[in-house]
$ cat work_37.cif   # mmCIF, N, CA and C atoms
data_protein
#
loop_
_atom_site.label_atom_id
_atom_site.label_comp_id
_atom_site.auth_asym_id
_atom_site.auth_seq_id
_atom_site.Cartn_x
_atom_site.Cartn_y
_atom_site.Cartn_z
N MET A 1 0.85 -1.16 0.00
CA MET A 1 0.00 0.00 0.00
C MET A 1 0.90 1.24 0.00
N THR A 2 0.58 2.17 -0.87
CA THR A 2 1.36 3.41 -0.91
C THR A 2 0.68 4.46 -0.06
N SER A 3 1.48 5.24 0.60
CA SER A 3 0.90 6.30 1.43
C SER A 3 0.84 7.60 0.63
N ALA A 4 -0.10 8.43 1.00
CA ALA A 4 -0.27 9.72 0.33
C ALA A 4 0.90 10.63 0.68
N PRO A 5 1.29 11.48 -0.25
CA PRO A 5 2.37 12.41 0.06
C PRO A 5 1.93 13.37 1.16
N PRO A 6 2.87 13.88 1.93
CA PRO A 6 2.50 14.80 3.00
C PRO A 6 1.84 16.06 2.43
N ALA A 7 0.89 16.59 3.17
CA ALA A 7 0.19 17.81 2.75
C ALA A 7 1.14 19.00 2.86
N SER A 8 0.97 19.92 1.96
CA SER A 8 1.77 21.14 1.98
C SER A 8 0.84 22.33 1.93
N ARG A 9 1.21 23.37 2.61
CA ARG A 9 0.44 24.61 2.58
C ARG A 9 1.17 25.59 1.67
N ILE A 10 0.43 26.16 0.74
CA ILE A 10 1.00 27.14 -0.18
C ILE A 10 0.43 28.50 0.19
N THR A 11 1.32 29.43 0.45
CA THR A 11 0.87 30.78 0.81
C THR A 11 1.35 31.77 -0.24
N PRO A 12 0.60 32.84 -0.45
CA PRO A 12 1.00 33.83 -1.45
C PRO A 12 2.36 34.45 -1.11
N ALA A 13 3.11 34.72 -2.13
CA ALA A 13 4.41 35.37 -1.94
C ALA A 13 4.21 36.85 -1.67
N ALA A 14 5.21 37.45 -1.12
CA ALA A 14 5.17 38.90 -0.91
C ALA A 14 5.24 39.59 -2.27
N ARG A 15 4.83 40.81 -2.31
CA ARG A 15 4.85 41.59 -3.54
C ARG A 15 6.28 41.73 -4.07
N LEU A 16 6.45 41.55 -5.36
CA LEU A 16 7.78 41.67 -5.96
C LEU A 16 8.09 43.13 -6.24
N ARG A 17 9.28 43.53 -5.89
CA ARG A 17 9.75 44.87 -6.18
C ARG A 17 11.23 44.76 -6.50
N GLY A 18 11.71 45.65 -7.34
CA GLY A 18 13.13 45.65 -7.61
C GLY A 18 13.44 46.14 -9.00
N ARG A 19 14.68 45.99 -9.37
CA ARG A 19 15.15 46.45 -10.67
C ARG A 19 15.86 45.28 -11.34
N LEU A 20 15.57 45.09 -12.59
CA LEU A 20 16.14 43.99 -13.34
C LEU A 20 16.68 44.53 -14.66
N SER A 21 17.94 44.26 -14.93
CA SER A 21 18.55 44.69 -16.19
C SER A 21 18.77 43.47 -17.06
N LEU A 22 18.25 43.53 -18.27
CA LEU A 22 18.36 42.42 -19.21
C LEU A 22 19.03 42.89 -20.49
N PRO A 23 19.65 41.98 -21.23
CA PRO A 23 20.22 42.38 -22.51
C PRO A 23 19.13 42.79 -23.49
N ALA A 24 19.49 43.64 -24.42
CA ALA A 24 18.53 44.08 -25.44
C ALA A 24 18.12 42.88 -26.27
N ASP A 25 16.82 42.63 -26.34
CA ASP A 25 16.31 41.49 -27.06
C ASP A 25 14.83 41.73 -27.35
N LYS A 26 14.44 41.59 -28.61
CA LYS A 26 13.06 41.85 -29.00
C LYS A 26 12.08 40.96 -28.25
N SER A 27 12.40 39.69 -28.11
CA SER A 27 11.51 38.76 -27.45
C SER A 27 11.32 39.13 -25.97
N ILE A 28 12.40 39.52 -25.32
CA ILE A 28 12.32 39.93 -23.92
C ILE A 28 11.53 41.22 -23.81
N ALA A 29 11.68 42.13 -24.76
CA ALA A 29 10.95 43.41 -24.72
C ALA A 29 9.44 43.18 -24.74
N HIS A 30 8.97 42.30 -25.62
CA HIS A 30 7.53 41.97 -25.65
C HIS A 30 7.07 41.48 -24.28
N ARG A 31 7.82 40.54 -23.74
CA ARG A 31 7.44 39.93 -22.47
C ARG A 31 7.47 40.93 -21.32
N ALA A 32 8.47 41.79 -21.30
CA ALA A 32 8.57 42.80 -20.24
C ALA A 32 7.37 43.73 -20.27
N LEU A 33 6.97 44.15 -21.46
CA LEU A 33 5.81 45.03 -21.59
C LEU A 33 4.53 44.34 -21.13
N ILE A 34 4.34 43.10 -21.54
CA ILE A 34 3.13 42.36 -21.17
C ILE A 34 3.09 42.10 -19.67
N VAL A 35 4.20 41.66 -19.10
CA VAL A 35 4.24 41.43 -17.65
C VAL A 35 4.00 42.73 -16.91
N GLY A 36 4.56 43.83 -17.40
CA GLY A 36 4.32 45.13 -16.79
C GLY A 36 2.85 45.49 -16.79
N ALA A 37 2.18 45.24 -17.90
CA ALA A 37 0.75 45.55 -17.98
C ALA A 37 -0.07 44.64 -17.06
N LEU A 38 0.28 43.38 -16.98
CA LEU A 38 -0.46 42.46 -16.13
C LEU A 38 -0.22 42.72 -14.64
N SER A 39 0.90 43.33 -14.31
CA SER A 39 1.25 43.55 -12.90
C SER A 39 0.40 44.63 -12.24
N GLY A 40 -0.22 45.48 -13.02
CA GLY A 40 -0.97 46.59 -12.45
C GLY A 40 -0.10 47.80 -12.24
N GLY A 41 1.18 47.67 -12.49
CA GLY A 41 2.14 48.77 -12.52
C GLY A 41 2.34 49.48 -11.21
N PRO A 42 3.09 50.56 -11.25
CA PRO A 42 3.80 51.03 -12.44
C PRO A 42 5.05 50.21 -12.72
N THR A 43 5.35 50.06 -13.98
CA THR A 43 6.52 49.33 -14.45
C THR A 43 7.20 50.16 -15.51
N ALA A 44 8.53 50.26 -15.44
CA ALA A 44 9.29 50.98 -16.46
C ALA A 44 10.13 49.99 -17.25
N VAL A 45 10.11 50.13 -18.56
CA VAL A 45 10.89 49.28 -19.46
C VAL A 45 11.68 50.20 -20.38
N ALA A 46 12.99 50.06 -20.37
CA ALA A 46 13.85 50.87 -21.24
C ALA A 46 14.08 50.12 -22.55
N LEU A 47 13.73 50.76 -23.65
CA LEU A 47 13.89 50.15 -24.98
C LEU A 47 14.59 51.15 -25.88
N ARG A 48 15.81 50.85 -26.26
CA ARG A 48 16.57 51.78 -27.10
C ARG A 48 15.97 51.94 -28.48
N SER A 49 15.68 50.83 -29.11
CA SER A 49 15.14 50.84 -30.46
C SER A 49 14.11 49.73 -30.56
N PRO A 50 12.86 49.99 -30.17
CA PRO A 50 11.89 48.91 -30.03
C PRO A 50 11.49 48.20 -31.31
N GLY A 51 11.48 48.85 -32.44
CA GLY A 51 11.08 48.19 -33.68
C GLY A 51 9.57 48.04 -33.80
N ARG A 52 9.15 47.76 -35.00
CA ARG A 52 7.72 47.71 -35.32
C ARG A 52 6.97 46.63 -34.54
N ASP A 53 7.56 45.45 -34.39
CA ASP A 53 6.88 44.36 -33.69
C ASP A 53 6.60 44.72 -32.23
N VAL A 54 7.60 45.26 -31.56
CA VAL A 54 7.43 45.63 -30.15
C VAL A 54 6.42 46.77 -30.03
N LEU A 55 6.44 47.69 -30.97
CA LEU A 55 5.46 48.78 -30.94
C LEU A 55 4.04 48.26 -31.16
N SER A 56 3.90 47.16 -31.90
CA SER A 56 2.58 46.52 -32.03
C SER A 56 2.09 46.04 -30.67
N THR A 57 2.98 45.48 -29.87
CA THR A 57 2.61 45.04 -28.53
C THR A 57 2.19 46.23 -27.68
N VAL A 58 2.94 47.33 -27.75
CA VAL A 58 2.59 48.54 -27.00
C VAL A 58 1.18 49.00 -27.37
N GLU A 59 0.90 49.07 -28.66
CA GLU A 59 -0.42 49.56 -29.11
C GLU A 59 -1.54 48.61 -28.69
N CYS A 60 -1.29 47.31 -28.76
CA CYS A 60 -2.32 46.35 -28.34
C CYS A 60 -2.60 46.48 -26.84
N LEU A 61 -1.57 46.65 -26.04
CA LEU A 61 -1.77 46.81 -24.60
C LEU A 61 -2.55 48.09 -24.31
N ARG A 62 -2.28 49.13 -25.06
CA ARG A 62 -3.05 50.38 -24.90
C ARG A 62 -4.51 50.14 -25.24
N GLU A 63 -4.76 49.40 -26.31
CA GLU A 63 -6.15 49.11 -26.71
C GLU A 63 -6.89 48.33 -25.62
N LEU A 64 -6.15 47.53 -24.88
CA LEU A 64 -6.75 46.75 -23.79
C LEU A 64 -6.98 47.60 -22.54
N GLY A 65 -6.47 48.82 -22.53
CA GLY A 65 -6.70 49.71 -21.40
C GLY A 65 -5.50 50.00 -20.54
N ALA A 66 -4.35 49.40 -20.84
CA ALA A 66 -3.14 49.73 -20.07
C ALA A 66 -2.69 51.14 -20.46
N HIS A 67 -2.27 51.91 -19.49
CA HIS A 67 -1.78 53.26 -19.75
C HIS A 67 -0.27 53.17 -19.95
N ILE A 68 0.20 53.54 -21.14
CA ILE A 68 1.63 53.44 -21.45
C ILE A 68 2.10 54.78 -21.99
N THR A 69 3.15 55.31 -21.36
CA THR A 69 3.77 56.54 -21.84
C THR A 69 5.21 56.23 -22.24
N GLU A 70 5.74 57.05 -23.13
CA GLU A 70 7.12 56.87 -23.59
C GLU A 70 7.85 58.19 -23.47
N ASP A 71 9.04 58.14 -22.91
CA ASP A 71 9.89 59.31 -22.80
C ASP A 71 11.33 58.88 -23.04
N VAL A 72 11.87 59.25 -24.18
CA VAL A 72 13.26 58.96 -24.56
C VAL A 72 13.60 57.48 -24.35
N GLY A 73 12.79 56.61 -24.92
CA GLY A 73 13.06 55.18 -24.87
C GLY A 73 12.66 54.49 -23.58
N ARG A 74 12.07 55.21 -22.66
CA ARG A 74 11.61 54.62 -21.40
C ARG A 74 10.09 54.53 -21.44
N TYR A 75 9.57 53.32 -21.44
CA TYR A 75 8.13 53.08 -21.48
C TYR A 75 7.66 52.81 -20.06
N THR A 76 6.69 53.58 -19.61
CA THR A 76 6.12 53.39 -18.28
C THR A 76 4.70 52.86 -18.44
N ILE A 77 4.45 51.73 -17.81
CA ILE A 77 3.17 51.05 -17.92
C ILE A 77 2.48 51.10 -16.57
N SER A 78 1.23 51.51 -16.56
CA SER A 78 0.42 51.46 -15.34
C SER A 78 -0.99 51.06 -15.74
N GLY A 79 -1.70 50.52 -14.82
CA GLY A 79 -3.05 50.05 -15.13
C GLY A 79 -3.00 48.70 -15.80
N ARG A 80 -4.02 47.92 -15.55
CA ARG A 80 -4.10 46.58 -16.12
C ARG A 80 -5.00 46.57 -17.33
N PRO A 81 -4.84 45.57 -18.20
CA PRO A 81 -5.81 45.41 -19.29
C PRO A 81 -7.20 45.26 -18.70
N SER A 82 -8.13 46.09 -19.15
CA SER A 82 -9.43 46.13 -18.49
C SER A 82 -10.61 46.27 -19.44
N ARG A 83 -10.36 46.23 -20.75
CA ARG A 83 -11.52 46.38 -21.64
C ARG A 83 -11.43 45.42 -22.82
N ASP A 84 -12.61 45.02 -23.28
CA ASP A 84 -12.71 44.17 -24.46
C ASP A 84 -12.13 44.91 -25.65
N ALA A 85 -11.56 44.16 -26.59
CA ALA A 85 -10.94 44.83 -27.73
C ALA A 85 -10.73 43.86 -28.88
N VAL A 86 -10.66 44.43 -30.07
CA VAL A 86 -10.15 43.73 -31.25
C VAL A 86 -8.76 44.31 -31.47
N LEU A 87 -7.75 43.47 -31.33
CA LEU A 87 -6.37 43.93 -31.37
C LEU A 87 -5.75 43.69 -32.73
N ASP A 88 -5.13 44.72 -33.27
CA ASP A 88 -4.41 44.61 -34.54
C ASP A 88 -2.94 44.39 -34.21
N CYS A 89 -2.47 43.17 -34.39
CA CYS A 89 -1.09 42.81 -34.09
C CYS A 89 -0.14 43.16 -35.23
N GLY A 90 -0.68 43.78 -36.28
CA GLY A 90 0.17 44.15 -37.41
C GLY A 90 0.75 42.92 -38.07
N ASN A 91 2.07 42.87 -38.17
CA ASN A 91 2.78 41.74 -38.76
C ASN A 91 3.55 40.97 -37.70
N SER A 92 3.21 41.18 -36.43
CA SER A 92 3.99 40.60 -35.34
C SER A 92 3.38 39.30 -34.81
N GLY A 93 3.97 38.19 -35.22
CA GLY A 93 3.55 36.90 -34.71
C GLY A 93 3.82 36.77 -33.22
N THR A 94 4.91 37.36 -32.76
CA THR A 94 5.23 37.32 -31.33
C THR A 94 4.16 38.04 -30.53
N THR A 95 3.73 39.21 -31.01
CA THR A 95 2.65 39.93 -30.32
C THR A 95 1.41 39.06 -30.23
N MET A 96 1.02 38.46 -31.34
CA MET A 96 -0.20 37.65 -31.35
C MET A 96 -0.08 36.45 -30.43
N ARG A 97 1.01 35.72 -30.53
CA ARG A 97 1.15 34.50 -29.73
C ARG A 97 1.24 34.80 -28.24
N LEU A 98 2.02 35.80 -27.86
CA LEU A 98 2.16 36.12 -26.44
C LEU A 98 0.88 36.71 -25.86
N LEU A 99 0.22 37.59 -26.61
CA LEU A 99 -1.02 38.17 -26.10
C LEU A 99 -2.14 37.13 -26.02
N ALA A 100 -2.13 36.14 -26.91
CA ALA A 100 -3.14 35.09 -26.84
C ALA A 100 -3.09 34.41 -25.47
N GLY A 101 -1.90 34.11 -25.01
CA GLY A 101 -1.75 33.50 -23.70
C GLY A 101 -2.05 34.46 -22.57
N ALA A 102 -1.61 35.70 -22.72
CA ALA A 102 -1.79 36.69 -21.65
C ALA A 102 -3.25 37.02 -21.42
N VAL A 103 -4.02 37.18 -22.48
CA VAL A 103 -5.42 37.58 -22.31
C VAL A 103 -6.33 36.39 -21.99
N ALA A 104 -5.84 35.18 -22.22
CA ALA A 104 -6.67 34.00 -21.96
C ALA A 104 -7.11 33.92 -20.50
N GLY A 105 -6.31 34.43 -19.61
CA GLY A 105 -6.64 34.37 -18.19
C GLY A 105 -7.38 35.59 -17.67
N LEU A 106 -7.73 36.50 -18.54
CA LEU A 106 -8.42 37.73 -18.12
C LEU A 106 -9.91 37.64 -18.41
N PRO A 107 -10.73 38.29 -17.62
CA PRO A 107 -12.18 38.26 -17.85
C PRO A 107 -12.59 39.26 -18.94
N LEU A 108 -11.98 39.12 -20.11
CA LEU A 108 -12.22 40.05 -21.22
C LEU A 108 -12.56 39.27 -22.47
N ARG A 109 -13.24 39.94 -23.41
CA ARG A 109 -13.48 39.38 -24.74
C ARG A 109 -12.51 40.08 -25.68
N VAL A 110 -11.57 39.31 -26.21
CA VAL A 110 -10.51 39.88 -27.04
C VAL A 110 -10.39 39.06 -28.32
N ALA A 111 -10.31 39.76 -29.45
CA ALA A 111 -10.03 39.13 -30.74
C ALA A 111 -8.67 39.63 -31.20
N LEU A 112 -7.86 38.73 -31.69
CA LEU A 112 -6.53 39.07 -32.19
C LEU A 112 -6.55 38.99 -33.71
N ASP A 113 -6.07 40.02 -34.35
CA ASP A 113 -6.04 40.09 -35.81
C ASP A 113 -4.68 40.62 -36.23
N GLY A 114 -4.44 40.62 -37.52
CA GLY A 114 -3.18 41.13 -38.03
C GLY A 114 -3.29 41.38 -39.52
N ASP A 115 -2.15 41.69 -40.13
CA ASP A 115 -2.16 41.94 -41.56
C ASP A 115 -2.30 40.61 -42.32
N ASP A 116 -2.38 40.69 -43.64
CA ASP A 116 -2.58 39.48 -44.46
C ASP A 116 -1.48 38.44 -44.23
N SER A 117 -0.25 38.90 -44.07
CA SER A 117 0.86 37.98 -43.85
C SER A 117 0.70 37.23 -42.52
N LEU A 118 0.32 37.94 -41.48
CA LEU A 118 0.13 37.31 -40.17
C LEU A 118 -1.06 36.36 -40.19
N ARG A 119 -2.12 36.73 -40.87
CA ARG A 119 -3.30 35.86 -40.96
C ARG A 119 -2.99 34.54 -41.65
N ALA A 120 -1.98 34.54 -42.52
CA ALA A 120 -1.63 33.33 -43.27
C ALA A 120 -0.71 32.40 -42.48
N ARG A 121 -0.18 32.84 -41.36
CA ARG A 121 0.75 32.02 -40.58
C ARG A 121 -0.01 31.00 -39.72
N PRO A 122 0.63 29.87 -39.45
CA PRO A 122 -0.03 28.85 -38.62
C PRO A 122 -0.18 29.34 -37.17
N MET A 123 -1.38 29.23 -36.64
CA MET A 123 -1.64 29.65 -35.26
C MET A 123 -2.36 28.55 -34.47
N GLU A 124 -2.49 27.37 -35.06
CA GLU A 124 -3.24 26.30 -34.41
C GLU A 124 -2.70 25.97 -33.03
N ARG A 125 -1.39 25.99 -32.85
CA ARG A 125 -0.83 25.58 -31.56
C ARG A 125 -1.18 26.54 -30.44
N VAL A 126 -1.55 27.78 -30.76
CA VAL A 126 -1.94 28.72 -29.70
C VAL A 126 -3.44 29.00 -29.71
N ALA A 127 -4.14 28.54 -30.72
CA ALA A 127 -5.57 28.85 -30.85
C ALA A 127 -6.47 27.68 -30.47
N THR A 128 -5.91 26.53 -30.17
CA THR A 128 -6.75 25.38 -29.84
C THR A 128 -6.65 25.03 -28.38
#
$ encode --input "work_37.cif" --output "structure tokens"
Amino acid sequence: MTSAPPASRITPAARLRGRLSLPADKSIAHRALIVGALSGGPTAVALRSPGRDVLSTVECLRELGAHITEDVGRYTISGRPSRDAVLDCGNSGTTMRLLAGAVAGLPLRVALDGDDSLRARPMERVAT
């Protein structure tokens, strides 16, 4: 006869605070912005040259209701995604795939769309 594993109590962690410096990377930039928006802020993300894909993520988060300001490459995010939206991800597959997961856990109705090129890409692994 096998015995049940011992019971464990899980308690919420304390609020996270601090400063984190990461290498410049487009994939990390998307994630930093999304995590900042989900955190309820305020969160600052420094982006030297964000590029079109990362700016698509910024615009989608704004459409969801996150307040994002930019000052000389420093993006400050406050407020959480709080409204239903049809999001235009442009040509950014990363924006679409990451936001699909991020909004899935929110009590919002969100549709993700993009340009013709993005619509033609396979999305089954994130849409099913």
$ closest_residue --input "work_37.cif" --among "A:Pro107, A:Gly90, A:Pro6, A:Gly79" --to "Arg52 (chain A)" --atoms "only N, CA and C atoms"
A:Gly90
$ closest_residue --input "work_37.cif" --among "A:Cys89, A:Val103, A:Val110, A:Ala120" --to "Thr57 (chain A)" --atoms "all atoms listed in the file"
A:Cys89
$ resolve_selection --input "work_37.cif" --expression "the PyMOL selection byres ((chain A and resi 108) around 7)" --output "list in words"
Ser82, Arg83, Asp84, Ala85, Val103, Gly105, Leu106, Pro107, Arg109 and Val110 of chain A
$ axis_aligned_box --input "work_37.cif" --around "region 23-35 of chain A" --padding-each-side "3 Å" --output "AutoDock Vina command-line options"
--center_x 11.7 --center_y 41.9 --center_z -23.0 --size_x 23.1 --size_y 12.3 --size_z 18.1
$ residues_around --input "work_37.cif" --residues "Val54 (chain A)" --least-positions-apart "3" --cutoff "10 Å" --atoms "only C-alpha atoms" --output "ChimeraX atom specification"
/A:26-31,33,47,49-51,57-60,89,92,94-95
$ residues_around --input "work_37.cif" --residues "Arg74 (chain A)" --least-positions-apart "2" --cutoff "12 Å" --atoms "only C-alpha atoms" --output "list of chain:residue names"
A:Ala29, A:Leu33, A:Thr43, A:Ala44, A:Val45, A:Ala46, A:Leu47, A:Arg48, A:Ser49, A:Pro50, A:Ile68, A:Thr69, A:Glu70, A:Asp71, A:Val72, A:Thr76, A:Ile77
$ residues_around --input "work_37.cif" --residues "Ser39 (chain A)" --least-positions-apart "2" --cutoff "12 Å" --atoms "only C-alpha atoms" --output "PDB file with N, CA and C atoms, keeping the file's coordinate frame"
ATOM      1  N   ARG A  15       4.830  40.810  -2.310  1.00  0.00           N
ATOM      2  CA  ARG A  15       4.850  41.590  -3.540  1.00  0.00           C
ATOM      3  C   ARG A  15       6.280  41.730  -4.070  1.00  0.00           C
ATOM      4  N   LEU A  16       6.450  41.550  -5.360  1.00  0.00           N
ATOM      5  CA  LEU A  16       7.780  41.670  -5.960  1.00  0.00           C
ATOM      6  C   LEU A  16       8.090  43.130  -6.240  1.00  0.00           C
ATOM      7  N   ARG A  17       9.280  43.530  -5.890  1.00  0.00           N
ATOM      8  CA  ARG A  17       9.750  44.870  -6.180  1.00  0.00           C
ATOM      9  C   ARG A  17      11.230  44.760  -6.500  1.00  0.00           C
ATOM     10  N   ARG A  31       7.820  40.540 -23.740  1.00  0.00           N
ATOM     11  CA  ARG A  31       7.440  39.930 -22.470  1.00  0.00           C
ATOM     12  C   ARG A  31       7.470  40.930 -21.320  1.00  0.00           C
ATOM     13  N   ALA A  32       8.470  41.790 -21.300  1.00  0.00           N
ATOM     14  CA  ALA A  32       8.570  42.800 -20.240  1.00  0.00           C
ATOM     15  C   ALA A  32       7.370  43.730 -20.270  1.00  0.00           C
ATOM     16  N   LEU A  33       6.970  44.150 -21.460  1.00  0.00           N
ATOM     17  CA  LEU A  33       5.810  45.030 -21.590  1.00  0.00           C
ATOM     18  C   LEU A  33       4.530  44.340 -21.130  1.00  0.00           C
ATOM     19  N   ILE A  34       4.340  43.100 -21.540  1.00  0.00           N
ATOM     20  CA  ILE A  34       3.130  42.360 -21.170  1.00  0.00           C
ATOM     21  C   ILE A  34       3.090  42.100 -19.670  1.00  0.00           C
ATOM     22  N   VAL A  35       4.200  41.660 -19.100  1.00  0.00           N
ATOM     23  CA  VAL A  35       4.240  41.430 -17.650  1.00  0.00           C
ATOM     24  C   VAL A  35       4.000  42.730 -16.910  1.00  0.00           C
ATOM     25  N   GLY A  36       4.560  43.830 -17.400  1.00  0.00           N
ATOM     26  CA  GLY A  36       4.320  45.130 -16.790  1.00  0.00           C
ATOM     27  C   GLY A  36       2.850  45.490 -16.790  1.00  0.00           C
ATOM     28  N   ALA A  37       2.180  45.240 -17.900  1.00  0.00           N
ATOM     29  CA  ALA A  37       0.750  45.550 -17.980  1.00  0.00           C
ATOM     30  C   ALA A  37      -0.070  44.640 -17.060  1.00  0.00           C
ATOM     31  N   GLY A  41       1.180  47.670 -12.490  1.00  0.00           N
ATOM     32  CA  GLY A  41       2.140  48.770 -12.520  1.00  0.00           C
ATOM     33  C   GLY A  41       2.340  49.480 -11.210  1.00  0.00           C
ATOM     34  N   PRO A  42       3.090  50.560 -11.250  1.00  0.00           N
ATOM     35  CA  PRO A  42       3.800  51.030 -12.440  1.00  0.00           C
ATOM     36  C   PRO A  42       5.050  50.210 -12.720  1.00  0.00           C
ATOM     37  N   THR A  43       5.350  50.060 -13.980  1.00  0.00           N
ATOM     38  CA  THR A  43       6.520  49.330 -14.450  1.00  0.00           C
ATOM     39  C   THR A  43       7.200  50.160 -15.510  1.00  0.00           C
ATOM     40  N   ALA A  44       8.530  50.260 -15.440  1.00  0.00           N
ATOM     41  CA  ALA A  44       9.290  50.980 -16.460  1.00  0.00           C
ATOM     42  C   ALA A  44      10.130  49.990 -17.250  1.00  0.00           C
ATOM     43  N   ALA A  66      -4.350  49.400 -20.840  1.00  0.00           N
ATOM     44  CA  ALA A  66      -3.140  49.730 -20.070  1.00  0.00           C
ATOM     45  C   ALA A  66      -2.690  51.140 -20.460  1.00  0.00           C
ATOM     46  N   ILE A  77       4.450  51.730 -17.810  1.00  0.00           N
ATOM     47  CA  ILE A  77       3.170  51.050 -17.920  1.00  0.00           C
ATOM     48  C   ILE A  77       2.480  51.100 -16.570  1.00  0.00           C
ATOM     49  N   SER A  78       1.230  51.510 -16.560  1.00  0.00           N
ATOM     50  CA  SER A  78       0.420  51.460 -15.340  1.00  0.00           C
ATOM     51  C   SER A  78      -0.990  51.060 -15.740  1.00  0.00           C
ATOM     52  N   GLY A  79      -1.700  50.520 -14.820  1.00  0.00           N
ATOM     53  CA  GLY A  79      -3.050  50.050 -15.130  1.00  0.00           C
ATOM     54  C   GLY A  79      -3.000  48.700 -15.800  1.00  0.00           C
ATOM     55  N   ARG A  80      -4.020  47.920 -15.550  1.00  0.00           N
ATOM     56  CA  ARG A  80      -4.100  46.580 -16.120  1.00  0.00           C
ATOM     57  C   ARG A  80      -5.000  46.570 -17.330  1.00  0.00           C
ATOM     58  N   PRO A  81      -4.840  45.570 -18.200  1.00  0.00           N
ATOM     59  CA  PRO A  81      -5.810  45.410 -19.290  1.00  0.00           C
ATOM     60  C   PRO A  81      -7.200  45.260 -18.700  1.00  0.00           C
ATOM     61  N   ALA A 102      -1.610  35.700 -22.720  1.00  0.00           N
ATOM     62  CA  ALA A 102      -1.790  36.690 -21.650  1.00  0.00           C
ATOM     63  C   ALA A 102      -3.250  37.020 -21.420  1.00  0.00           C
TER      64      ALA A 102
END
$ atom_distance --input "work_37.cif" --atom1 "atom C of Leu99 (chain A)" --atom2 "CA of His67 (chain A)"
17.3 Å
$ select_by_dssp --input "work_37.cif" --residues "chain A" --states "helix (DSSP H, G or I)" --output "PyMOL selection string"
chain A and resi 26-39+51-63+93-104+116-119+124-127
$ atom_distance --input "work_37.cif" --atom1 "atom N of Glu63 (chain A)" --atom2 "atom C of Ala14 (chain A)"
27.8 Å
